[in-house]
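J.: Below is the file upload-v5.cif, with mmCIF, C-alpha atoms.
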```cif
data_protein
loop_
_atom_site.label_atom_id
_atom_site.label_comp_id
_atom_site.auth_asym_id
_atom_site.auth_seq_id
_atom_site.Cartn_x
_atom_site.Cartn_y
_atom_site.Cartn_z
CA MET A 273 -13.76 0.76 -2.22
CA SER A 274 -13.66 1.64 1.49
CA ILE A 275 -14.44 -0.29 4.67
CA TYR A 276 -15.41 1.14 8.07
CA ILE A 277 -14.98 -0.46 11.51
CA GLY A 278 -15.46 1.45 14.76
CA ASN A 279 -17.38 2.69 17.78
CA ASN A 280 -17.69 5.89 19.82
CA HIS A 281 -13.99 5.97 20.76
CA HIS A 282 -12.15 5.03 17.60
CA SER A 283 -12.67 3.98 14.00
CA LEU A 284 -10.76 2.38 11.15
CA TYR A 285 -11.27 3.24 7.49
CA ILE A 286 -9.68 1.02 4.85
CA LYS A 287 -9.37 2.43 1.36
CA VAL A 288 -8.01 0.57 -1.66
CA ILE A 289 -5.79 2.87 -3.72
CA PRO A 290 -4.88 1.89 -7.30
CA GLU A 291 -1.43 2.75 -8.64
CA LYS A 292 -0.37 2.85 -12.28
CA ARG A 293 3.01 1.51 -13.25
CA GLU A 294 4.71 1.81 -16.62
CA ARG A 295 6.84 -1.00 -17.93
CA TYR A 296 8.74 -1.19 -21.19
CA ASN A 297 6.91 -3.27 -23.76
CA TYR A 298 9.33 -5.18 -25.97
CA LYS A 299 9.64 -8.43 -27.87
CA LYS A 300 12.80 -10.34 -27.19
CA GLU A 301 12.84 -12.04 -30.56
CA ARG A 302 13.08 -8.68 -32.38
CA TYR A 303 16.46 -8.01 -30.77
CA GLU A 304 17.72 -11.51 -31.53
CA LYS A 305 17.24 -10.87 -35.25
CA ILE A 306 19.62 -7.90 -35.13
CA ILE A 307 22.23 -8.89 -32.52
CA PRO A 308 23.94 -12.19 -31.65
CA LYS A 309 21.93 -14.40 -29.33
CA THR A 310 24.70 -14.51 -26.75
CA LEU A 311 24.82 -10.72 -26.49
CA SER A 312 21.05 -10.60 -26.41
CA MET A 313 21.02 -12.99 -23.44
CA VAL A 314 23.56 -10.81 -21.60
CA LEU A 315 21.50 -7.67 -22.18
CA PHE A 316 18.30 -9.26 -21.00
CA TYR A 317 20.08 -10.73 -17.97
CA ILE A 318 21.21 -7.20 -17.01
CA ASP A 319 17.69 -5.96 -17.59
CA LYS A 320 16.27 -8.66 -15.36
CA ARG A 321 18.81 -8.05 -12.61
CA LEU A 322 18.04 -4.36 -12.53
CA LYS A 323 14.30 -5.07 -12.57
CA GLU A 324 13.80 -2.06 -14.83
CA ARG A 325 12.25 -2.30 -18.30
CA LYS A 326 13.27 1.24 -19.27
CA PHE A 327 16.93 0.33 -19.22
CA LEU A 328 19.31 2.11 -21.63
CA HIS A 329 19.81 -0.85 -23.98
CA ALA A 330 16.06 -1.09 -24.68
CA LEU A 331 15.81 2.62 -25.52
CA PHE A 332 18.98 2.49 -27.59
CA PHE A 333 17.84 -0.41 -29.79
CA ASN A 334 14.45 1.15 -30.37
CA ARG A 335 15.86 4.53 -31.41
CA VAL A 336 19.02 3.55 -33.26
CA ILE A 337 18.17 0.18 -34.83
CA PHE A 338 14.39 0.10 -35.16
CA TRP A 339 13.74 3.86 -35.30
CA HIS A 340 10.72 3.46 -33.09
CA LYS A 341 9.70 5.52 -30.12
CA PRO A 342 9.85 3.54 -26.88
CA LYS A 343 6.57 1.82 -26.16
CA PHE A 344 5.30 1.26 -22.66
CA ARG A 345 2.50 -0.76 -21.18
CA VAL A 346 0.63 0.41 -18.11
CA SER A 347 -0.12 -2.05 -15.35
CA THR A 348 -2.24 -1.35 -12.29
CA SER A 349 -1.34 -2.44 -8.78
CA ARG A 350 -3.14 -1.71 -5.54
CA HIS A 351 -2.36 -1.05 -1.91
CA LYS A 352 -4.57 -0.30 1.06
CA GLN A 353 -4.57 2.89 3.10
CA TYR A 354 -5.56 2.14 6.71
CA SER A 355 -6.77 5.32 8.43
CA LEU A 356 -7.18 4.77 12.17
CA TYR A 357 -8.84 7.40 14.38
CA ILE A 358 -7.92 6.94 18.04
CA GLY A 359 -9.71 8.33 21.09
CA GLU A 360 -9.61 6.59 24.46
CA PHE A 361 -8.84 2.87 24.39
CA LYS A 362 -9.32 0.42 27.23
CA SER A 363 -8.52 -3.26 26.97
CA GLU A 364 -11.14 -4.36 29.50
CA LYS A 365 -13.81 -3.35 26.99
CA LYS A 366 -11.98 -5.19 24.20
CA SER A 367 -12.68 -2.11 22.13
CA LEU A 368 -9.78 -2.50 19.73
CA HIS A 369 -9.86 -6.24 19.11
CA SER A 370 -11.85 -5.99 15.87
CA ILE A 371 -9.44 -3.34 14.60
CA PHE A 372 -6.33 -5.37 15.43
CA TYR A 373 -7.93 -8.36 13.73
CA LYS A 374 -8.49 -6.32 10.55
CA LEU A 375 -5.01 -4.79 10.58
CA LYS A 376 -3.41 -8.23 10.57
CA ASP A 377 -4.57 -8.62 6.95
CA ALA A 378 -2.24 -5.82 5.81
CA THR A 379 0.61 -6.53 3.41
CA SER A 380 4.06 -4.95 3.19
CA ARG A 381 2.77 -2.48 0.57
CA ASP A 382 -0.08 -1.16 2.72
CA ARG A 383 0.13 2.05 4.75
CA LEU A 384 -1.09 2.99 8.20
CA GLU A 385 -2.27 6.48 9.11
CA ILE A 386 -3.12 7.12 12.79
CA ILE A 387 -5.07 10.24 13.77
CA ILE A 388 -4.73 10.73 17.53
CA ASN A 389 -7.02 12.76 19.77
CA SER A 390 -6.65 10.78 22.95
CA HIS A 391 -6.32 11.02 26.71
CA GLY A 392 -4.70 7.60 26.60
CA GLY A 393 -5.67 4.10 27.51
CA SER A 394 -4.41 0.61 28.20
CA ILE A 395 -0.67 0.01 28.09
CA GLU A 396 -1.40 -3.59 27.03
CA GLU A 397 -3.15 -2.34 23.91
CA GLY A 398 -0.30 0.13 23.45
CA ARG A 399 2.08 -2.81 23.20
CA GLN A 400 -0.28 -4.44 20.71
CA PHE A 401 -0.08 -1.32 18.57
CA TYR A 402 3.70 -1.45 18.72
CA ASN A 403 3.73 -5.12 17.69
CA MET A 404 1.33 -4.45 14.82
CA ILE A 405 3.36 -1.53 13.47
CA GLN A 406 6.59 -3.52 13.70
CA ARG A 407 5.09 -6.55 11.99
CA LYS A 408 2.86 -5.00 9.32
CA PHE A 409 3.76 -1.32 8.85
CA TYR A 410 7.49 -1.11 9.52
CA ASN A 411 8.81 2.15 7.97
CA ASN A 412 5.35 2.71 6.52
CA SER A 413 3.34 4.52 9.20
CA VAL A 414 2.38 8.14 9.84
CA ALA A 415 0.68 9.69 12.89
CA TYR A 416 -1.21 12.98 13.19
CA LEU A 417 -1.52 14.61 16.62
CA ASP A 418 -5.01 16.04 16.27
CA ASN A 419 -5.49 17.60 18.76
CA HIS A 420 -3.78 16.03 21.77
CA GLY A 421 -2.08 12.84 22.90
CA TYR A 422 -1.70 12.13 26.62
CA SER A 423 -0.29 9.10 28.44
CA MET A 424 -0.43 6.07 26.09
CA GLY A 425 -1.77 8.37 23.38
CA ALA A 426 1.59 10.18 23.52
CA VAL A 427 3.55 6.92 23.34
CA LEU A 428 1.41 5.76 20.41
CA PHE A 429 2.26 8.97 18.54
CA CYS A 430 5.97 8.27 19.06
CA MET A 431 5.68 4.81 17.45
CA ALA A 432 5.05 6.15 13.94
CA ASP A 433 7.84 6.72 11.42
CA LYS A 434 6.48 10.13 10.36
CA ARG A 435 4.86 12.28 13.06
CA ILE A 436 2.79 15.30 12.05
CA ILE A 437 1.38 17.96 14.37
CA TYR A 438 -0.53 21.26 14.15
CA PRO A 439 0.43 24.60 15.75
CA TYR A 440 -1.86 23.95 18.74
CA SER A 441 -1.23 20.23 19.19
CA ASN A 442 -0.07 19.19 22.65
CA LEU A 443 1.30 16.06 24.24
CA MET A 444 1.89 14.74 27.75
CA PHE A 445 4.05 11.91 29.12
CA HIS A 446 3.50 10.50 32.61
CA ASN A 447 3.94 7.23 34.46
CA TYR A 448 1.39 4.48 33.96
CA ARG A 449 -1.43 3.76 36.38
CA MET A 450 -2.23 0.21 37.49
CA VAL A 451 -5.00 -1.40 39.51
CA ASN A 452 -4.47 -4.86 40.99
CA ALA A 453 -6.28 -7.28 43.24
CA GLY A 454 -5.62 -10.73 44.65
CA LYS A 455 -3.58 -12.43 47.33
CA GLY A 456 -0.60 -10.52 48.71
CA GLY A 457 2.15 -12.58 47.11
CA GLU A 458 0.37 -12.64 43.77
CA ILE A 459 -0.05 -8.88 43.76
CA VAL A 460 3.64 -8.29 44.52
CA ALA A 461 4.79 -10.71 41.80
CA ARG A 462 2.37 -9.28 39.26
CA VAL A 463 3.27 -5.67 40.01
CA GLU A 464 7.01 -6.34 39.85
CA HIS A 465 6.67 -8.13 36.52
CA ALA A 466 4.36 -5.49 35.01
CA ASP A 467 6.52 -2.61 36.22
CA LYS A 468 9.66 -4.07 34.67
CA LEU A 469 7.92 -4.78 31.36
CA ASN A 470 6.07 -1.46 31.09
CA THR A 471 9.06 0.63 32.16
CA GLN A 472 11.30 -0.98 29.53
CA PHE A 473 8.62 -0.73 26.85
CA ARG A 474 8.19 3.03 27.23
CA TYR A 475 11.94 3.53 27.68
CA ASP A 476 12.65 1.89 24.31
CA ILE A 477 10.15 4.13 22.51
CA VAL A 478 10.63 7.44 24.29
CA VAL A 479 14.20 7.54 25.63
CA LYS A 480 16.05 5.54 22.97
CA GLN A 481 14.66 7.86 20.30
CA GLY A 482 15.86 10.87 22.29
CA PHE A 483 12.44 12.31 23.12
CA LEU A 484 13.15 12.31 26.88
CA SER A 485 16.56 12.24 28.53
CA GLU A 486 17.59 9.55 31.01
CA GLU A 487 17.25 12.05 33.84
CA GLU A 488 13.78 13.15 32.70
CA TYR A 489 12.64 9.55 32.43
CA GLN A 490 13.70 8.86 36.01
CA LYS A 491 11.66 11.88 37.11
CA LEU A 492 8.71 10.55 35.11
CA LEU A 493 8.92 7.23 36.98
CA ILE A 494 8.53 8.97 40.34
CA GLY A 495 5.55 11.03 39.27
CA GLN A 496 6.55 14.07 37.18
CA ASP A 497 4.41 14.89 34.15
CA PHE A 498 5.91 16.34 30.97
CA TRP A 499 3.68 18.69 28.97
CA MET A 500 4.77 19.80 25.50
CA ASP A 501 3.41 22.26 22.96
CA ALA A 502 4.15 22.34 19.23
CA LYS A 503 7.43 24.23 19.64
CA GLU A 504 8.74 21.76 22.21
CA LEU A 505 7.61 18.78 20.14
CA CYS A 506 9.60 20.10 17.18
CA ARG A 507 12.62 20.98 19.29
CA ARG A 508 12.83 17.47 20.75
CA GLY A 509 12.30 15.74 17.40
CA ILE A 510 9.04 14.16 18.52
CA ALA A 511 7.28 15.94 15.66
CA THR A 512 8.83 15.54 12.23
CA HIS A 513 6.41 17.81 10.36
CA VAL A 514 3.88 20.57 11.06
CA VAL A 515 0.76 21.49 9.09
CA VAL A 516 0.45 25.28 8.66
CA ASP A 517 -1.10 27.91 6.37
CA GLY A 518 -4.10 26.13 4.97
CA GLY A 519 -2.73 22.62 4.93
CA LYS A 520 0.89 23.17 3.92
CA GLU A 521 3.17 20.55 5.45
CA ILE A 522 6.63 21.73 6.50
CA THR A 523 9.45 20.08 8.44
CA ALA A 524 9.86 20.62 12.18
CA LYS A 525 13.10 22.54 11.53
CA GLU A 526 11.36 24.86 9.06
CA TYR A 527 8.62 25.48 11.63
CA LEU A 528 11.15 26.39 14.33
CA ASP A 529 13.15 28.62 11.97
CA THR A 530 10.14 30.41 10.49
CA PHE A 531 7.27 30.57 12.96
CA CYS A 532 8.98 30.28 16.34
CA LYS A 533 11.56 32.98 15.56
CA LYS A 534 8.69 35.34 14.76
CA GLU A 535 7.20 34.68 18.17
CA ALA A 536 10.55 35.33 19.86
#
```
What does this structure look like when you write it as structure tokens?
T.:
Amino acid sequence: MSIYIGNNHHSLYIKVIPEKRERYNYKKERYEKIIPKTLSMVLFYIDKRLKERKFLHALFFNRVIFWHKPKFRVSTSRHKQYSLYIGEFKSEKKSLHSIFYKLKDATSRDRLEIIINSHGGSIEEGRQFYNMIQRKFYNNSVAYLDNHGYSMGAVLFCMADKRIIYPYSNLMFHNYRMVNAGKGGEIVARVEHADKLNTQFRYDIVVKQGFLSEEEYQKLLIGQDFWMDAKELCRRGIATHVVVDGGKEITAKEYLDTFCKKEA
């Protein structure tokens, strides 16, 4: 089963993926006929604590005492794969609200895959993405840079736990742009508040992870843009993996050692 939500700029596909799990199928009373009840209770307590039905005592009693092959029962569980395609996003159009609403239904077992081909968008919606990943997909998100990520698109790419690029992917960091209107005092207060919040937000994602240095970030704040190709993305650790040779996924280090040395 799959679900689609989207428009011209982005789309979300939700796919339910079944998983088969094997668990040891045993009858507790069979063991109690052979071994003392007290020992049986200890063994099953260990089994319960380890949360593993294939534990050694179960296999041992089947083979040695009952001369049976271990029997297993198969149970099916499900998780959802959320595949989110991101182009430009702008909060004034409320273009991502339906997607955020759907993502809030995710459980801790669900996975988020973000495919980015974006010039950027609203920093407010960027913070919403960060909150959603932290709350629903912590340590369970992957981003593909296909083909480029600029501005907030670059920051969004950096939010994922696993970050995959292609040999011609490219990324660009720059300072945010803001438009404001109102009475003089209101504008000053609003700009000061927004600047402090947005500067710290991007600092935590980009600098604390080591993707830009402190010195580079200060240059970014006064107007310098930072453009990066696949080699630079791997060198800085922004990319964790690269897709090469017909879909083969290798680590960033393997890409630098193999493909970039050839170029040199």
J.: Do you know which residues are at most 8 Å from Val516 of chain A counting only C-alpha atoms, after dropping those on the same chain fewer than 6 positions away, and could you put them as a PDB file with C-alpha atoms, keeping the file's coordinate frame?
T.:
```
ATOM      1  CA  TYR A 438      -0.530  21.260  14.150  1.00  0.00           C
ATOM      2  CA  PRO A 439       0.430  24.600  15.750  1.00  0.00           C
ATOM      3  CA  ILE A 522       6.630  21.730   6.500  1.00  0.00           C
TER       4      ILE A 522
END
```
J.: For the file shown, what are the residues hit by the PyMOL selection byres ((chain A and resi 383) around 8), laid out as a PDB file with C-alpha atoms, in the frame of the given file?
T.:
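Output file out-v6.pdb is given in full below:
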```pdb
ATOM      1  CA  HIS A 351      -2.360  -1.050  -1.910  1.00  0.00           C
ATOM      2  CA  LYS A 352      -4.570  -0.300   1.060  1.00  0.00           C
ATOM      3  CA  GLN A 353      -4.570   2.890   3.100  1.00  0.00           C
ATOM      4  CA  TYR A 354      -5.560   2.140   6.710  1.00  0.00           C
ATOM      5  CA  ARG A 381       2.770  -2.480   0.570  1.00  0.00           C
ATOM      6  CA  ASP A 382      -0.080  -1.160   2.720  1.00  0.00           C
ATOM      7  CA  LEU A 384      -1.090   2.990   8.200  1.00  0.00           C
ATOM      8  CA  GLU A 385      -2.270   6.480   9.110  1.00  0.00           C
ATOM      9  CA  PHE A 409       3.760  -1.320   8.850  1.00  0.00           C
ATOM     10  CA  ASN A 412       5.350   2.710   6.520  1.00  0.00           C
ATOM     11  CA  SER A 413       3.340   4.520   9.200  1.00  0.00           C
TER      12      SER A 413
END
```
J.: Go through A:Tyr285, A:Tyr357, A:Phe473, A:Tyr416 and flag the residue nearest Lys434 of chain A, using only C-alpha atoms for the distances.
T.: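 That would be A:Tyr416, the residue with the smallest distance to Lys434 of chain A.
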J.: May I have the residues within 10 Å of Thr471 of chain A as a ChimeraX atom specification, using all atoms listed in the file and disregarding those fewer than 5 positions away in the same chain?
T.: /A:447-448,466,476,489,493
J.: Taking the file as shown, what set of residues would the PyMOL selection byres ((chain A and resi 478) around 12) give back, as a short mmCIF file (atom, residue, chain, number, x, y, z; two decimals) with C-alpha atoms, in the frame of the given file?
T.:
```
data_model
loop_
_atom_site.label_atom_id
_atom_site.label_comp_id
_atom_site.auth_asym_id
_atom_site.auth_seq_id
_atom_site.Cartn_x
_atom_site.Cartn_y
_atom_site.Cartn_z
CA SER A 423 -0.29 9.10 28.44
CA MET A 424 -0.43 6.07 26.09
CA ALA A 426 1.59 10.18 23.52
CA VAL A 427 3.55 6.92 23.34
CA LEU A 428 1.41 5.76 20.41
CA PHE A 429 2.26 8.97 18.54
CA CYS A 430 5.97 8.27 19.06
CA MET A 431 5.68 4.81 17.45
CA ALA A 432 5.05 6.15 13.94
CA MET A 444 1.89 14.74 27.75
CA PHE A 445 4.05 11.91 29.12
CA HIS A 446 3.50 10.50 32.61
CA THR A 471 9.06 0.63 32.16
CA GLN A 472 11.30 -0.98 29.53
CA PHE A 473 8.62 -0.73 26.85
CA ARG A 474 8.19 3.03 27.23
CA TYR A 475 11.94 3.53 27.68
CA ASP A 476 12.65 1.89 24.31
CA ILE A 477 10.15 4.13 22.51
CA VAL A 479 14.20 7.54 25.63
CA LYS A 480 16.05 5.54 22.97
CA GLN A 481 14.66 7.86 20.30
CA GLY A 482 15.86 10.87 22.29
CA PHE A 483 12.44 12.31 23.12
CA LEU A 484 13.15 12.31 26.88
CA SER A 485 16.56 12.24 28.53
CA GLU A 486 17.59 9.55 31.01
CA GLU A 488 13.78 13.15 32.70
CA TYR A 489 12.64 9.55 32.43
CA LEU A 492 8.71 10.55 35.11
CA ARG A 508 12.83 17.47 20.75
CA GLY A 509 12.30 15.74 17.40
CA ILE A 510 9.04 14.16 18.52
#
```
J.: Work out how far atom CA of Gly421 of chain A is from atom CA of Trp499 of chain A, in Å to one decimal.
T.: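 Separation between atom CA of Trp499 of chain A and atom CA of Gly421 of chain A: 10.2 Å.
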J.: Which residues fall under the PyMOL selection byres ((chain A and resi 388-396) around 7) in this file, as a count of residues only?
T.: 23
J.: Between A:Arg435, A:His369, A:Arg350, A:Arg462, which one has atoms that come closest to Thr523 of chain A, using all atoms listed in the file?
T.: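 Smallest separation from Thr523 of chain A among the options: A:Arg435.
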J.: Ranking A:Asn411, A:Ser441, A:Ser355, A:Ser380 by minimum distance to His513 of chain A and counting only C-alpha atoms, which one comes first?
T.: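 Smallest distance to His513 of chain A is found for A:Ser441.
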J.: Quick check, in Å to one decimal: how far apart do atom CA of Cys506 of chain A and atom CA of Thr530 of chain A lie?
T.: 12.3 Å
J.: Would you work out the distance separating atom CA of Asn470 of chain A from atom CA of Leu505 of chain A, expressed in Å to one decimal?
T.: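 Between atom CA of Asn470 of chain A and atom CA of Leu505 of chain A the gap is 23.1 Å.
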J.: Adding 4 Å on each side of the box along x, y and z that holds all listed atoms of segment 475-489 of chain A, could you give its centre and edge lengths in Å to one decimal, as JSON?
T.:
```
{"center_x": 13.9, "center_y": 7.5, "center_z": 27.1, "size_x": 15.4, "size_y": 19.3, "size_z": 21.5}
```
J.: Give the answer as one residue: which of A:Leu528, A:Ala378, A:Leu368, A:Met404 has the shortest atom-to-atom distance to Ala502 of chain A, using only C-alpha atoms?
T.: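 Closest candidate: A:Leu528.
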J.: Between A:Asn403, A:Ser370, A:Gln490, A:Asn442, which is the closest to Lys503 of chain A once you count only C-alpha atoms?
T.: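 With only C-alpha atoms as the atom set, the closest residue is A:Asn442.
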